[in-house]
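Q: A single structure is presented below for examination.
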Amino acid sequence: MKLSIPTCATTDLFIALAFVTALIHAQGEFAHANPYLAKPGEPVVKARVGTCAVTGGFVHLYAALDNRLFEKYGINAEHVVLRGGVVAMAALASDGIQFLYCNADTNIVRIATGADGKLVASPLLGLPYVLLARKDIKKPADLKGKSIGITRPGDLPHRLARAFLKKANLTEEEVTLRPLGGTPTERYSALLQDIVQATLIQPPLDVQGRKDGFNVIYHLNDLGFPFIYSSLFTNSRTLKERSILVQRFVAALAEAVYFVEKNPQQAMAAVGKTLSIKDFAILQSAYDAYAVRLVNRRMIVPPKLVAETIETAREEGMTIRRKPAEVFDNTFVDNLEQSGFLKELWRGELPEERK
């Protein structure tokens, strides 16, 4: 007996078969292009990631943690906040943390002088800091007899403050650099209480500062420093014994860069949750600065900037023990492109490399 199928049913059947075939093909391509996802039944790997501050500049890491992106890659990521770069690098060297997410500039120098660590990805390039001062201070010269709040001697805000004073033809006898430690929010509180009369902060606290009547008297990017900002570091033990973990962590961070760009509301929510901020204008300021202006989608560590950062430190009298090429490793971010992961992630287009 010969079956007869109505024409409309035949059309629907062909469409359904075509859809299923395309879906299977797409899934096969994705599996091939993303070899870093956790396999079914694979045990989850625990890893601790430390941050050296609490700042909107870590939006990509916060979004990855808040939206459980690391879990897709078989990683149970425990976030630890560490007070300052010195403490953070010590924790990395001792394997108390396996990854450090922090501004790269100072840590590049620390590694070059002998600290254990390797820079493996740089989602942000550029210098977002501004010098925020109380209402009566409208220009650098008004800082004479006042104090600028920094974190600790040798940390990035300290180095930037010293460079600013030199640029403004001021001395540390005329302007006191006062170590406060703590987070940018805590230093901002010291400014509110007139414990210090100026401090170096990043977006989004500049927006809050203007609302409170303070003045932005200098943009630190105008110093012209070669600067690599929020970046991922790991240690020699993790590189040697758990290189697959490093690769998967870098892949998850790359997906976070994409996620933050495509989901601004969720990205701002992650920052607001971590910084305890609800004001939309403040969160938008952080997003514009870090997810738009400074973002480095491919996360490639710029060799020239690493070399310039180390050379600047050498000129300042630091004892350099390592060559620039020994401080960073672009292998893991290069693998993302060579495997087809980035092209698949960005829906067929490779993101431009930040100049």
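Residues in the structure tokens are numbered from 1 in each chain, the chains being A, B, ... in the order shown, and ligands are numbered from 1 in the order shown.
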As a ChimeraX atom specification, please: every residue in segment 42-177 of chain A that DSSP puts in strand (DSSP E or B).

A: /A:45-51,75-81,99-103,118-121,124-125,130-133,147-150,176-177

Q: Would you mind exporting N, CA, C and O atoms of the selected residues as a CSV table (one decimal), in the first residue's frame?

A:
```
chain,number,residue,atom,x,y,z
A,45,VAL,N,37.1,21.3,39.2
A,45,VAL,CA,38.4,21.6,39.7
A,45,VAL,C,38.3,22.9,40.5
A,45,VAL,O,37.7,23.9,40.1
A,46,LYS,N,38.8,22.9,41.7
A,46,LYS,CA,38.7,24.1,42.6
A,46,LYS,C,40.0,25.0,42.3
A,46,LYS,O,41.1,24.5,42.2
A,47,ALA,N,39.7,26.3,42.3
A,47,ALA,CA,40.8,27.2,42.1
A,47,ALA,C,40.5,28.5,42.9
A,47,ALA,O,39.3,28.9,42.9
A,48,ARG,N,41.4,29.1,43.5
A,48,ARG,CA,41.2,30.4,44.2
A,48,ARG,C,41.8,31.5,43.3
A,48,ARG,O,42.9,31.5,42.9
A,49,VAL,N,40.9,32.5,43.1
A,49,VAL,CA,41.3,33.7,42.4
A,49,VAL,C,41.3,34.9,43.3
A,49,VAL,O,40.2,35.2,44.0
A,50,GLY,N,42.4,35.6,43.5
A,50,GLY,CA,42.4,36.8,44.3
A,50,GLY,C,42.4,38.1,43.5
A,50,GLY,O,42.8,38.1,42.4
A,51,THR,N,41.8,39.1,44.1
A,51,THR,CA,41.8,40.4,43.6
A,51,THR,C,42.5,41.3,44.6
A,51,THR,O,42.4,41.2,45.8
A,75,ILE,N,35.3,24.7,36.5
A,75,ILE,CA,36.1,25.3,37.5
A,75,ILE,C,35.2,25.9,38.6
A,75,ILE,O,34.2,26.6,38.4
A,76,ASN,N,35.5,25.5,39.8
A,76,ASN,CA,34.8,26.1,41.0
A,76,ASN,C,35.7,27.2,41.5
A,76,ASN,O,36.7,26.9,42.2
A,77,ALA,N,35.4,28.4,41.1
A,77,ALA,CA,36.3,29.5,41.4
A,77,ALA,C,35.9,30.2,42.7
A,77,ALA,O,34.8,30.7,42.9
A,78,GLU,N,36.9,30.2,43.7
A,78,GLU,CA,36.6,30.9,44.9
A,78,GLU,C,37.3,32.2,44.9
A,78,GLU,O,38.5,32.3,44.6
A,79,HIS,N,36.6,33.3,45.1
A,79,HIS,CA,37.1,34.7,45.1
A,79,HIS,C,37.6,35.1,46.4
A,79,HIS,O,36.9,35.0,47.4
A,80,VAL,N,38.8,35.6,46.4
A,80,VAL,CA,39.4,36.1,47.7
A,80,VAL,C,39.9,37.6,47.4
A,80,VAL,O,40.6,37.9,46.5
A,81,VAL,N,39.4,38.5,48.3
A,81,VAL,CA,39.9,39.9,48.2
A,81,VAL,C,41.1,40.1,49.1
A,81,VAL,O,41.1,39.8,50.3
A,99,PHE,N,45.3,32.1,41.0
A,99,PHE,CA,45.2,33.2,40.0
A,99,PHE,C,45.1,34.5,40.7
A,99,PHE,O,44.5,34.6,41.8
A,100,LEU,N,45.6,35.6,40.1
A,100,LEU,CA,45.5,36.9,40.7
A,100,LEU,C,45.0,37.8,39.6
A,100,LEU,O,45.5,37.8,38.4
A,101,TYR,N,43.9,38.6,39.9
A,101,TYR,CA,43.3,39.5,39.0
A,101,TYR,C,43.6,40.9,39.6
A,101,TYR,O,43.1,41.2,40.6
A,102,CYS,N,44.4,41.7,38.9
A,102,CYS,CA,44.9,42.9,39.4
A,102,CYS,C,45.4,43.8,38.3
A,102,CYS,O,45.5,43.4,37.2
A,103,ASN,N,45.6,45.1,38.6
A,103,ASN,CA,46.3,45.9,37.6
A,103,ASN,C,47.7,45.4,37.3
A,103,ASN,O,48.4,44.9,38.3
A,118,LYS,N,53.3,35.0,36.5
A,118,LYS,CA,53.3,35.2,35.0
A,118,LYS,C,52.0,35.8,34.6
A,118,LYS,O,50.9,35.4,35.0
A,119,LEU,N,52.1,36.8,33.7
A,119,LEU,CA,51.0,37.5,33.2
A,119,LEU,C,50.5,36.7,32.0
A,119,LEU,O,51.2,36.5,31.0
A,120,VAL,N,49.2,36.3,32.0
A,120,VAL,CA,48.7,35.4,30.9
A,120,VAL,C,47.5,36.0,30.1
A,120,VAL,O,47.1,35.4,29.1
A,121,ALA,N,46.9,37.1,30.6
A,121,ALA,CA,45.8,37.7,29.8
A,121,ALA,C,45.6,39.1,30.3
A,121,ALA,O,45.6,39.4,31.5
A,124,LEU,N,42.0,44.6,30.0
A,124,LEU,CA,41.9,46.1,30.0
A,124,LEU,C,43.3,46.7,29.7
A,124,LEU,O,44.3,46.3,30.4
A,125,LEU,N,43.3,47.7,28.9
A,125,LEU,CA,44.5,48.5,28.6
A,125,LEU,C,44.2,49.9,28.8
A,125,LEU,O,43.3,50.4,28.3
A,130,VAL,N,41.8,59.0,38.3
A,130,VAL,CA,41.7,60.4,38.3
A,130,VAL,C,42.1,60.9,39.7
A,130,VAL,O,42.1,60.1,40.7
A,131,LEU,N,42.6,62.1,39.9
A,131,LEU,CA,42.9,62.7,41.2
A,131,LEU,C,41.7,63.5,41.6
A,131,LEU,O,41.4,64.5,41.0
A,132,LEU,N,41.0,63.1,42.6
A,132,LEU,CA,39.8,63.7,43.1
A,132,LEU,C,40.2,64.5,44.4
A,132,LEU,O,40.9,64.0,45.3
A,133,ALA,N,39.8,65.8,44.4
A,133,ALA,CA,40.1,66.6,45.5
A,133,ALA,C,38.9,67.3,46.1
A,133,ALA,O,37.8,67.4,45.5
A,147,SER,N,47.3,66.9,51.8
A,147,SER,CA,47.8,65.5,51.7
A,147,SER,C,46.9,64.7,50.6
A,147,SER,O,45.7,65.0,50.4
A,148,ILE,N,47.6,63.7,50.0
A,148,ILE,CA,47.0,62.9,49.0
A,148,ILE,C,46.9,61.4,49.6
A,148,ILE,O,48.0,60.9,50.0
A,149,GLY,N,45.8,60.8,49.6
A,149,GLY,CA,45.6,59.5,50.1
A,149,GLY,C,46.1,58.4,49.1
A,149,GLY,O,45.6,58.5,48.0
A,150,ILE,N,46.9,57.5,49.5
A,150,ILE,CA,47.4,56.4,48.7
A,150,ILE,C,47.1,55.1,49.4
A,150,ILE,O,46.6,55.1,50.5
A,176,THR,N,51.9,66.0,51.1
A,176,THR,CA,52.1,64.8,51.8
A,176,THR,C,51.4,63.6,51.2
A,176,THR,O,50.2,63.7,50.8
A,177,LEU,N,52.1,62.5,50.9
A,177,LEU,CA,51.5,61.3,50.4
A,177,LEU,C,51.2,60.4,51.6
A,177,LEU,O,52.1,59.9,52.2
```

Q: Between A:Leu160, A:Lys139, A:Pro184, A:Arg134, which one has atoms that come closest to Gly84 of chain A, using only C-alpha atoms?

A: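 Of A:Leu160, A:Lys139, A:Pro184, A:Arg134, the one nearest Gly84 of chain A is A:Pro184, counting only C-alpha atoms.
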
Q: Output as JSON lines one row per residue of segment 96-213 of chain A within 10 Å of segment 293-315 of chain A: the closest atom pair and its distance in Å to one decimal place, counting only C-alpha atoms, sorted by chain and residue number ascending.

A:
```
{"residue": "A:Ala104", "atom": "CA", "partner": "A:Val306", "partner_atom": "CA", "distance": 9.1}
{"residue": "A:Asp105", "atom": "CA", "partner": "A:Thr309", "partner_atom": "CA", "distance": 6.8}
{"residue": "A:Thr106", "atom": "CA", "partner": "A:Thr309", "partner_atom": "CA", "distance": 8.6}
{"residue": "A:Ile108", "atom": "CA", "partner": "A:Val306", "partner_atom": "CA", "distance": 7.1}
{"residue": "A:Val109", "atom": "CA", "partner": "A:Ile310", "partner_atom": "CA", "distance": 5.8}
{"residue": "A:Arg110", "atom": "CA", "partner": "A:Ile310", "partner_atom": "CA", "distance": 9.4}
{"residue": "A:Ile111", "atom": "CA", "partner": "A:Ile310", "partner_atom": "CA", "distance": 9.7}
{"residue": "A:Ala112", "atom": "CA", "partner": "A:Ile310", "partner_atom": "CA", "distance": 7.0}
{"residue": "A:Thr113", "atom": "CA", "partner": "A:Ile310", "partner_atom": "CA", "distance": 9.2}
{"residue": "A:Leu119", "atom": "CA", "partner": "A:Val301", "partner_atom": "CA", "distance": 7.7}
{"residue": "A:Val120", "atom": "CA", "partner": "A:Val301", "partner_atom": "CA", "distance": 7.2}
{"residue": "A:Ala121", "atom": "CA", "partner": "A:Met299", "partner_atom": "CA", "distance": 5.2}
{"residue": "A:Ser122", "atom": "CA", "partner": "A:Met299", "partner_atom": "CA", "distance": 4.5}
{"residue": "A:Pro123", "atom": "CA", "partner": "A:Met299", "partner_atom": "CA", "distance": 4.6}
{"residue": "A:Leu124", "atom": "CA", "partner": "A:Val295", "partner_atom": "CA", "distance": 4.7}
{"residue": "A:Leu125", "atom": "CA", "partner": "A:Leu294", "partner_atom": "CA", "distance": 5.4}
{"residue": "A:Gly126", "atom": "CA", "partner": "A:Leu294", "partner_atom": "CA", "distance": 5.9}
{"residue": "A:Leu127", "atom": "CA", "partner": "A:Leu294", "partner_atom": "CA", "distance": 8.3}
{"residue": "A:Pro128", "atom": "CA", "partner": "A:Leu294", "partner_atom": "CA", "distance": 8.2}
```

Q: Using only C-alpha atoms, which residues of segment 284-332 of chain A come within 12 Å of segment 61-65 of chain A, and what is the closest atom pair for each, with the distance in Å to one decimal? Give it as JSON lines, sorted by chain and residue number.

A:
```
{"residue": "A:Tyr287", "atom": "CA", "partner": "A:Ala63", "partner_atom": "CA", "distance": 11.5}
{"residue": "A:Tyr290", "atom": "CA", "partner": "A:Leu61", "partner_atom": "CA", "distance": 11.7}
{"residue": "A:Ala291", "atom": "CA", "partner": "A:Ala63", "partner_atom": "CA", "distance": 11.2}
```

Q: Now that the selection is made, can you save its residues with N, CA and C atoms as a PDB file, in the first residue's frame?

A:
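Output (out.pdb):
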```pdb
ATOM      1  N   TYR A 287      30.807  51.023  33.762  1.00  0.00           N
ATOM      2  CA  TYR A 287      30.645  50.216  32.546  1.00  0.00           C
ATOM      3  C   TYR A 287      31.281  50.903  31.335  1.00  0.00           C
ATOM      4  N   TYR A 290      35.234  50.706  31.650  1.00  0.00           N
ATOM      5  CA  TYR A 290      35.938  49.425  31.609  1.00  0.00           C
ATOM      6  C   TYR A 290      35.419  48.440  30.572  1.00  0.00           C
ATOM      7  N   ALA A 291      34.148  48.513  30.247  1.00  0.00           N
ATOM      8  CA  ALA A 291      33.604  47.583  29.257  1.00  0.00           C
ATOM      9  C   ALA A 291      33.621  48.167  27.857  1.00  0.00           C
TER      10      ALA A 291
END
```

Q: One decimal, Å: what's the distance from atom CA of Ser236 of chain A over to atom CA of Ala254 of chain A, could you say?

A: 21.7 Å

Q: Please report the interatomic distance between atom CA of Phe233 of chain A and atom CA of Arg68 of chain A in Å with one decimal.

A: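 Rounded to one decimal, the two atoms are 20.2 Å apart.
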
Q: So which one's closest to Val246 of chain A, A:Ala281, A:Val333, A:Leu192, A:Val260? Using only C-alpha atoms, please.

A: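 The shortest atom-to-atom distance to Val246 of chain A comes from A:Val333.
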
Q: Enter the distance from atom CA of Ala168 of chain A to atom CA of Lys135 of chain A, in Å, rounded to one decimal.

A: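 Value for the atom CA of Ala168 of chain A-atom CA of Lys135 of chain A distance: 19.1 Å.
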
Q: Output as an MDAnalysis selection string all residues of segment 289-323 of chain A that backbone DSSP marks as helix (DSSP H, G or I).

A: chainID A and resid 289:293 303:315

Q: With only C-alpha atoms as the basis for distance, which of A:Asn221, A:Gln197, A:Thr151, A:Thr234 is at the shortest distance from Lys138 of chain A?

A: A:Gln197

Q: Using only C-alpha atoms, which of the listed residues (A:Asp288, A:Leu232, A:Lys211, A:Ala251) sits closest to Ala267 of chain A?

A: A:Asp288

Q: Counting only C-alpha atoms, figure out which residue out of A:Thr185, A:Asn330, A:Thr55, A:Gln247 gets nearest to Gln208 of chain A.

A: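 The answer is A:Thr185, which sits nearest to Gln208 of chain A.
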
Q: For Ala163 of chain A, find every residue with an atom within 12 Å (counting only C-alpha atoms), except residues of its own chain fewer than 2 positions away, and show them as a ChimeraX atom specification.

A: /A:156-161,165-172,177,218,220-225,312,316
